[in-house]
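**Student:** So I've got this file, work01.txt, and it contains compact mmCIF, C-alpha atoms and all ligand atoms:
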```txt
# COMPACT_ATOMS: atom_id res chain seq x y z
CA MET A 124 39.07 -9.90 -6.28
CA ASN A 125 36.76 -8.79 -3.48
CA LYS A 126 33.13 -9.14 -4.67
CA ILE A 127 30.23 -7.43 -2.91
CA VAL A 128 26.58 -7.79 -3.98
CA GLU A 129 23.83 -5.70 -2.39
CA VAL A 130 20.13 -5.82 -3.26
CA LEU A 131 18.41 -2.55 -2.33
CA PRO A 132 14.63 -2.18 -1.88
CA ASP A 133 14.17 0.20 -4.82
CA LYS A 134 16.04 2.47 -7.24
CA ASP A 135 16.07 5.42 -4.84
CA ALA A 136 17.81 3.27 -2.23
CA LEU A 137 20.24 2.04 -4.88
CA ILE A 138 21.10 5.64 -5.81
CA GLN A 139 21.59 6.66 -2.17
CA ARG A 140 23.83 3.61 -1.55
CA SER A 141 25.84 4.30 -4.71
CA LEU A 142 26.25 7.94 -3.66
CA ALA A 143 27.68 6.89 -0.29
CA ILE A 144 30.11 4.47 -1.93
CA VAL A 145 31.20 6.90 -4.66
CA VAL A 146 31.78 9.77 -2.20
CA ASP A 147 33.76 7.42 0.05
CA LYS A 148 35.93 6.22 -2.85
CA ILE A 149 36.55 9.77 -4.07
CA GLN A 150 37.58 10.97 -0.61
CA ALA A 151 39.73 7.89 0.05
CA ALA A 152 41.55 8.24 -3.29
CA ILE A 153 42.26 11.93 -2.70
CA ALA A 154 43.50 11.20 0.83
CA ALA A 155 45.76 8.39 -0.40
CA ARG A 156 47.01 9.74 -3.72
CA GLY A 157 46.09 13.39 -3.90
CA ARG A 158 43.57 12.83 -6.69
CA CYS A 159 40.75 10.56 -7.82
CA THR A 160 40.26 9.15 -11.31
CA ILE A 161 36.73 7.99 -12.05
CA ALA A 162 35.15 6.66 -15.25
CA LEU A 163 31.42 7.28 -15.54
CA ALA A 164 28.71 5.04 -16.90
CA GLY A 165 26.15 6.38 -19.32
CA GLY A 166 22.62 5.42 -20.17
CA SER A 167 19.89 6.45 -17.74
CA THR A 168 20.44 4.52 -14.50
CA PRO A 169 23.28 6.67 -13.12
CA LYS A 170 21.72 10.05 -13.93
CA PRO A 171 20.12 10.47 -10.44
CA LEU A 172 23.47 9.58 -8.89
CA TYR A 173 25.17 12.34 -10.89
CA GLU A 174 22.43 14.78 -9.83
CA GLN A 175 23.10 13.84 -6.21
CA LEU A 176 26.86 14.23 -6.67
CA ALA A 177 26.21 17.80 -7.84
CA THR A 178 24.87 18.56 -4.33
CA GLN A 179 28.04 17.35 -2.60
CA ASN A 180 30.84 19.58 -1.41
CA LEU A 181 33.91 17.72 -2.68
CA ALA A 182 37.37 18.81 -3.79
CA TRP A 183 36.37 18.93 -7.46
CA GLU A 184 39.83 20.19 -8.43
CA LYS A 185 41.26 16.83 -7.32
CA LEU A 186 38.74 14.74 -9.24
CA HIS A 187 39.34 13.66 -12.87
CA ILE A 188 36.36 12.51 -14.88
CA PHE A 189 36.47 10.02 -17.74
CA TRP A 190 33.77 7.89 -19.39
CA GLY A 191 33.84 4.12 -19.73
CA ASP A 192 32.05 4.34 -23.05
CA GLU A 193 30.41 6.73 -25.44
CA ARG A 194 27.84 6.59 -28.17
CA TYR A 195 29.29 7.94 -31.42
CA VAL A 196 27.34 11.19 -31.38
CA PRO A 197 28.17 14.84 -30.57
CA SER A 198 28.10 15.76 -26.87
CA ASP A 199 24.95 17.85 -27.41
CA HIS A 200 23.08 14.82 -28.83
CA PRO A 201 20.38 13.39 -26.50
CA ASP A 202 22.14 9.98 -26.60
CA SER A 203 25.51 11.37 -25.47
CA ASN A 204 26.82 9.87 -22.23
CA GLU A 205 29.08 12.92 -21.87
CA GLY A 206 26.15 15.28 -22.37
CA MET A 207 24.05 13.46 -19.77
CA ALA A 208 26.74 13.68 -17.07
CA ARG A 209 27.56 17.30 -17.86
CA HIS A 210 23.90 18.32 -17.61
CA ALA A 211 23.22 16.29 -14.45
CA TRP A 212 26.47 17.08 -12.61
CA LEU A 213 29.58 18.60 -14.15
CA ASP A 214 27.96 21.81 -15.39
CA GLN A 215 26.25 22.31 -12.03
CA VAL A 216 29.45 22.63 -9.97
CA ALA A 217 32.77 24.48 -10.25
CA PHE A 218 34.48 21.67 -12.10
CA PRO A 219 37.86 22.53 -13.70
CA LEU A 220 37.54 22.12 -17.49
CA THR A 221 40.93 20.39 -17.62
CA ASN A 222 39.65 17.71 -15.23
CA VAL A 223 37.04 16.42 -17.65
CA HIS A 224 38.33 13.96 -20.26
CA PRO A 225 35.56 12.98 -22.67
CA MET A 226 35.94 10.48 -25.48
CA THR A 227 36.02 12.43 -28.72
CA THR A 228 33.47 11.47 -31.37
CA ALA A 229 34.54 14.10 -33.89
CA ASN A 230 36.45 11.88 -36.30
CA ALA A 231 34.73 10.33 -39.32
CA GLU A 232 36.48 7.10 -38.36
CA PRO A 233 35.61 5.87 -34.81
CA ALA A 234 38.90 3.96 -34.70
CA VAL A 235 40.74 7.28 -34.93
CA SER A 236 38.78 8.59 -31.95
CA ALA A 237 39.55 5.42 -30.01
CA SER A 238 43.27 5.82 -30.71
CA GLN A 239 43.18 9.49 -29.75
CA HIS A 240 41.53 8.73 -26.41
CA GLU A 241 44.00 5.91 -25.78
CA MET A 242 46.86 8.37 -26.28
CA GLU A 243 45.17 10.82 -23.92
CA LEU A 244 45.01 8.14 -21.21
CA GLN A 245 48.64 7.15 -21.81
CA GLN A 246 49.72 10.78 -21.41
CA PHE A 247 47.49 11.50 -18.41
CA PHE A 248 48.59 8.40 -16.51
CA GLN A 249 52.18 8.63 -17.87
CA LEU A 250 52.01 5.01 -18.99
CA GLN A 251 54.78 2.89 -20.41
CA PRO A 252 53.80 1.19 -23.70
CA GLY A 253 51.60 -1.83 -23.00
CA ALA A 254 50.76 -0.70 -19.45
CA TYR A 255 47.21 -0.23 -18.13
CA PRO A 256 46.15 2.62 -15.82
CA ARG A 257 44.49 1.82 -12.52
CA PHE A 258 41.33 3.93 -12.25
CA ASP A 259 40.22 4.53 -8.69
CA LEU A 260 36.60 3.87 -9.65
CA ILE A 261 34.82 2.69 -12.79
CA LEU A 262 31.03 2.93 -12.83
CA LEU A 263 29.21 0.45 -15.04
CA GLY A 264 25.70 -0.59 -15.91
CA ILE A 265 24.36 -3.50 -17.92
CA GLY A 266 21.89 -3.59 -20.76
CA ASP A 267 18.96 -6.00 -20.95
CA ASP A 268 21.23 -7.98 -23.33
CA GLY A 269 24.03 -8.29 -20.76
CA HIS A 270 26.33 -5.73 -22.35
CA THR A 271 28.40 -3.43 -20.19
CA ALA A 272 30.14 -0.20 -21.16
CA SER A 273 29.88 -0.61 -24.95
CA LEU A 274 31.03 -4.22 -24.90
CA PHE A 275 28.17 -5.86 -26.75
CA PRO A 276 27.47 -9.55 -27.24
CA HIS A 277 29.34 -11.32 -30.05
CA THR A 278 31.40 -8.26 -30.98
CA ASP A 279 35.12 -7.95 -31.72
CA ALA A 280 35.52 -5.51 -28.82
CA LEU A 281 35.17 -8.40 -26.37
CA GLN A 282 38.40 -9.96 -27.62
CA VAL A 283 40.61 -6.87 -27.46
CA ARG A 284 43.34 -7.48 -24.87
CA ASP A 285 46.16 -5.22 -26.09
CA ARG A 286 44.45 -1.82 -26.08
CA LEU A 287 42.96 0.54 -23.53
CA ILE A 288 40.21 1.84 -25.79
CA THR A 289 38.46 0.21 -28.73
CA VAL A 290 35.49 0.61 -31.02
CA GLY A 291 32.27 -1.00 -29.85
CA ASN A 292 29.35 -1.97 -32.01
CA LYS A 293 25.69 -1.89 -31.10
CA ASP A 294 23.61 -3.28 -34.01
CA GLY A 295 25.96 -1.63 -36.49
CA GLN A 296 26.13 1.67 -34.61
CA PRO A 297 29.70 2.53 -33.54
CA ARG A 298 30.62 3.19 -29.94
CA ILE A 299 33.90 3.99 -28.14
CA THR A 300 34.59 1.84 -25.11
CA PHE A 301 37.06 0.87 -22.41
CA THR A 302 38.40 -2.60 -23.08
CA VAL A 303 37.97 -5.55 -20.73
CA PRO A 304 41.57 -5.42 -19.46
CA LEU A 305 41.38 -1.69 -18.80
CA ILE A 306 38.22 -2.13 -16.72
CA ASN A 307 39.71 -5.11 -14.90
CA HIS A 308 42.71 -3.04 -13.78
CA ALA A 309 40.47 -0.72 -11.72
CA ARG A 310 40.77 -0.45 -7.95
CA THR A 311 36.99 -0.57 -7.71
CA VAL A 312 34.31 -1.41 -10.29
CA LEU A 313 30.78 -0.44 -9.27
CA PHE A 314 27.83 -1.84 -11.21
CA MET A 315 24.45 -0.11 -10.79
CA VAL A 316 21.54 -2.21 -12.09
CA ALA A 317 17.87 -1.34 -11.72
CA GLY A 318 14.64 -2.74 -13.12
CA ALA A 319 13.02 -6.11 -13.77
CA SER A 320 14.12 -5.99 -17.41
CA LYS A 321 17.70 -6.65 -16.26
CA ARG A 322 16.78 -9.78 -14.27
CA PRO A 323 17.28 -12.38 -17.07
CA ALA A 324 20.70 -11.00 -17.99
CA LEU A 325 21.72 -10.82 -14.32
CA ALA A 326 20.78 -14.48 -13.84
CA GLN A 327 23.22 -15.40 -16.63
CA ILE A 328 25.92 -13.01 -15.48
CA PHE A 329 25.78 -14.51 -11.98
CA ALA A 330 25.31 -18.12 -13.13
CA PRO A 331 28.18 -20.51 -12.35
CA VAL A 332 28.50 -21.22 -16.06
CA ALA A 333 27.33 -19.10 -19.01
CA ASP A 334 28.77 -17.79 -22.28
CA ALA A 335 30.57 -14.48 -21.75
CA ALA A 336 30.30 -13.82 -25.49
CA ILE A 337 26.55 -13.61 -24.94
CA TYR A 338 26.78 -11.89 -21.53
CA PRO A 339 29.88 -9.66 -21.71
CA ALA A 340 29.48 -8.35 -18.15
CA ARG A 341 30.79 -11.79 -17.06
CA LEU A 342 34.18 -10.68 -18.38
CA ILE A 343 34.42 -7.98 -15.70
CA GLN A 344 36.52 -9.60 -12.98
CA PRO A 345 38.63 -6.73 -11.61
CA GLU A 346 41.86 -7.24 -9.67
CA GLY A 347 40.45 -4.95 -7.01
CA GLU A 348 36.95 -4.59 -5.64
CA LEU A 349 33.79 -5.54 -7.55
CA VAL A 350 30.57 -4.07 -6.19
CA TRP A 351 27.13 -4.89 -7.59
CA LEU A 352 24.27 -2.65 -6.45
CA LEU A 353 20.92 -4.05 -7.60
CA ASP A 354 17.42 -2.87 -6.89
CA GLN A 355 14.85 -5.47 -5.79
CA PRO A 356 13.14 -5.78 -9.20
CA ALA A 357 16.49 -6.58 -10.82
CA GLY A 358 18.04 -8.73 -8.12
CA GLN A 359 15.14 -10.40 -6.31
CA GLU A 360 15.61 -13.90 -7.77
CA LEU A 361 19.38 -13.94 -7.61
CA ASN A 362 20.83 -16.27 -5.07
CA VAL A 363 23.38 -13.77 -3.84
CA ASN A 364 25.23 -14.65 -0.70
O1 LIG A 401 24.24 1.95 -23.78
C1 LIG A 401 24.56 1.98 -22.60
O2 LIG A 401 23.88 1.20 -21.70
C2 LIG A 401 24.44 0.85 -20.42
C3 LIG A 401 23.28 0.52 -19.49
O3 LIG A 401 22.49 1.70 -19.35
P1 LIG A 401 21.26 1.69 -18.28
O4 LIG A 401 20.65 3.06 -18.35
O5 LIG A 401 20.32 0.59 -18.73
O6 LIG A 401 21.87 1.40 -16.94
C4 LIG A 401 25.32 1.97 -19.86
O7 LIG A 401 25.98 1.53 -18.67
C5 LIG A 401 26.33 2.42 -20.92
O8 LIG A 401 27.20 3.41 -20.41
C6 LIG A 401 25.56 2.96 -22.09
O9 LIG A 401 26.42 3.44 -23.13
```
Transcribe the structure of this file into structure tokens.
Ligand SMILES: O=C1O[C@H](COP(=O)(O)O)[C@@H](O)[C@H](O)[C@H]1O
**Tutor:**
Amino acid sequence: MNKIVEVLPDKDALIQRSLAIVVDKIQAAIAARGRCTIALAGGSTPKPLYEQLATQNLAWEKLHIFWGDERYVPSDHPDSNEGMARHAWLDQVAFPLTNVHPMTTANAEPAVSASQHEMELQQFFQLQPGAYPRFDLILLGIGDDGHTASLFPHTDALQVRDRLITVGNKDGQPRITFTVPLINHARTVLFMVAGASKRPALAQIFAPVADAAIYPARLIQPEGELVWLLDQPAGQELNVN
């Protein structure tokens, strides 16, 4: 694993740096393999990045969009990660409908939705049973509690090692999420973390020793490249070399 940690002066600088990295990864993947597969983060941090991506002139027809996690709500719900990215980016450019692969949240049982999305990934990547796809880029954030994607502290989702997609749990609310092994198979994982509220969790995530059950982002140790982009309020006390 190649780990890079950058502390940027403020959130705007973090967004500009993430834009440069994401555009570079998209173009490199298309040049090397004829397409790029990217899994988006939700929440609020990446929204300005998605708005900036909507201003770029990229080969959208060669870009396939997935999500690393989803709240279990309809896509038109204000909490929807899909809805946020569509509004900020995907609906603003000529993006082929077939290139957008959201996690369904239509089933009464979240486990059914998780299985359906797993089958969609297996078909899209033409996977053998038990194989993991290698996303070109997976975007992640962390919560104040150290969660990432929808891998929350002390939840069963943290232990899942034989699935691509599983059901997450935030205080009893279901989520759909990439599993740890799926994330760790990525070519590049890019964390975007902004704000002083993330500082305590970051200190534990970066500590030489800490409990990954409490700070699940510690479990993200990809085979490829791991990039952490932090703004100054989040990363100022980290001893990052
Ligand atoms: O609930 C979630 O939170 C994390 C962190 O969001 P942020 O806005 O604090 O960066 C996000 O990465 C994840 O996709 C989302 O479902």
**Student:** Neighbours of ligand LIG 401 (chain A) within 6 Å, counting only C-alpha atoms and all ligand atoms, as a PyMOL selection string?
**Tutor:** chain A and resi 164-168+192-193+263-266+271-273
**Student:** Can I get the selection written as a CSV table (one decimal), in the frame of the given file, with C-alpha atoms?
**Tutor:**
```
chain,number,residue,atom,x,y,z
A,164,ALA,CA,28.7,5.0,-16.9
A,165,GLY,CA,26.2,6.4,-19.3
A,166,GLY,CA,22.6,5.4,-20.2
A,167,SER,CA,19.9,6.4,-17.7
A,168,THR,CA,20.4,4.5,-14.5
A,192,ASP,CA,32.0,4.3,-23.0
A,193,GLU,CA,30.4,6.7,-25.4
A,263,LEU,CA,29.2,0.4,-15.0
A,264,GLY,CA,25.7,-0.6,-15.9
A,265,ILE,CA,24.4,-3.5,-17.9
A,266,GLY,CA,21.9,-3.6,-20.8
A,271,THR,CA,28.4,-3.4,-20.2
A,272,ALA,CA,30.1,-0.2,-21.2
A,273,SER,CA,29.9,-0.6,-25.0
```
**Student:** Go through A:His277, A:Lys321, A:Arg284, A:Lys185 and flag the residue nearest Ile306 of chain A, using all atoms listed in the file for the distances.
**Tutor:**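 Ranking A:His277, A:Lys321, A:Arg284, A:Lys185 by distance to Ile306 of chain A, first place goes to A:Arg284.
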**Student:** Separation of atom CA of Ala237 of chain A and atom CA of Gly291 of chain A, in Å?
**Tutor:**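 That distance, rounded to one decimal, is 9.7 Å.
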**Student:** Which residue out of A:Glu184, A:Asp294, A:Asp268, A:Glu360 has the minimum interatomic distance to Val223 of chain A when all atoms listed in the file are used?
**Tutor:**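 Smallest separation from Val223 of chain A among the options: A:Glu184.
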**Student:** Using all atoms listed in the file, which of the listed residues (A:Leu342, A:Arg140, A:Gly295, A:Ala309) sits closest to Val283 of chain A?
**Tutor:** A:Leu342
**Student:** Hey, which of A:Ala357, A:Ala162, A:Ile138, A:Ala333 ends up closest to Met226 of chain A? Count all atoms listed in the file.
**Tutor:** A:Ala162
**Student:** Between A:Asp354, A:Arg298, A:Leu131, A:Pro225, which is the closest to Glu205 of chain A once you count all atoms listed in the file?
**Tutor:** A:Pro225
**Student:** Quick one: distance from atom CA of Pro201 of chain A to atom CA of Gln215 of chain A in Å, one decimal?
**Tutor:**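 Rounded to one decimal, the two atoms are 18.0 Å apart.
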**Student:** When distances are computed from only C-alpha atoms, which of A:Ala143, A:Met315, A:Ala151, A:Ala136 shows the smallest separation from Val350 of chain A?
**Tutor:**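 Answer, going by the shortest atom-to-atom distance: A:Met315.
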**Student:** What lies within 12 Å of Ala326 of chain A using all atoms listed in the file, ignoring chain neighbours under 2 positions off, as number ranges by chain?
**Tutor:** A: 267-269, 319-324, 328-333, 338, 340-341, 357-363
**Student:** Tell me which protein, DNA and RNA residues are within 8 Å of Leu260 of chain A, counting all atoms listed in the file, leaving out same-chain ones fewer than 2 positions away, and put them as an NGL selection string.
**Tutor:** :A and (145 or 148 or 160-162 or 258 or 262 or 309-313)
**Student:** Save out the residues we just selected, C-alpha atoms, as a CSV table (one decimal), keeping the file's coordinate frame.
**Tutor:**
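After the write, out.csv holds the following:
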```
chain,number,residue,atom,x,y,z
A,145,VAL,CA,31.2,6.9,-4.7
A,148,LYS,CA,35.9,6.2,-2.8
A,160,THR,CA,40.3,9.2,-11.3
A,161,ILE,CA,36.7,8.0,-12.0
A,162,ALA,CA,35.2,6.7,-15.2
A,258,PHE,CA,41.3,3.9,-12.2
A,262,LEU,CA,31.0,2.9,-12.8
A,309,ALA,CA,40.5,-0.7,-11.7
A,310,ARG,CA,40.8,-0.4,-8.0
A,311,THR,CA,37.0,-0.6,-7.7
A,312,VAL,CA,34.3,-1.4,-10.3
A,313,LEU,CA,30.8,-0.4,-9.3
```
**Student:** Residues near Tyr173 of chain A, anyone? I mean within 6 Å using only C-alpha atoms, not counting same-chain ones fewer than 2 positions away, as a count of residues only.
**Tutor:** 6
**Student:** Would you compute the distance between atom CA of Asp285 of chain A and atom CA of Ile261 of chain A? Give it in Å to one decimal.
**Tutor:**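 Value for the atom CA of Asp285 of chain A-atom CA of Ile261 of chain A distance: 19.2 Å.
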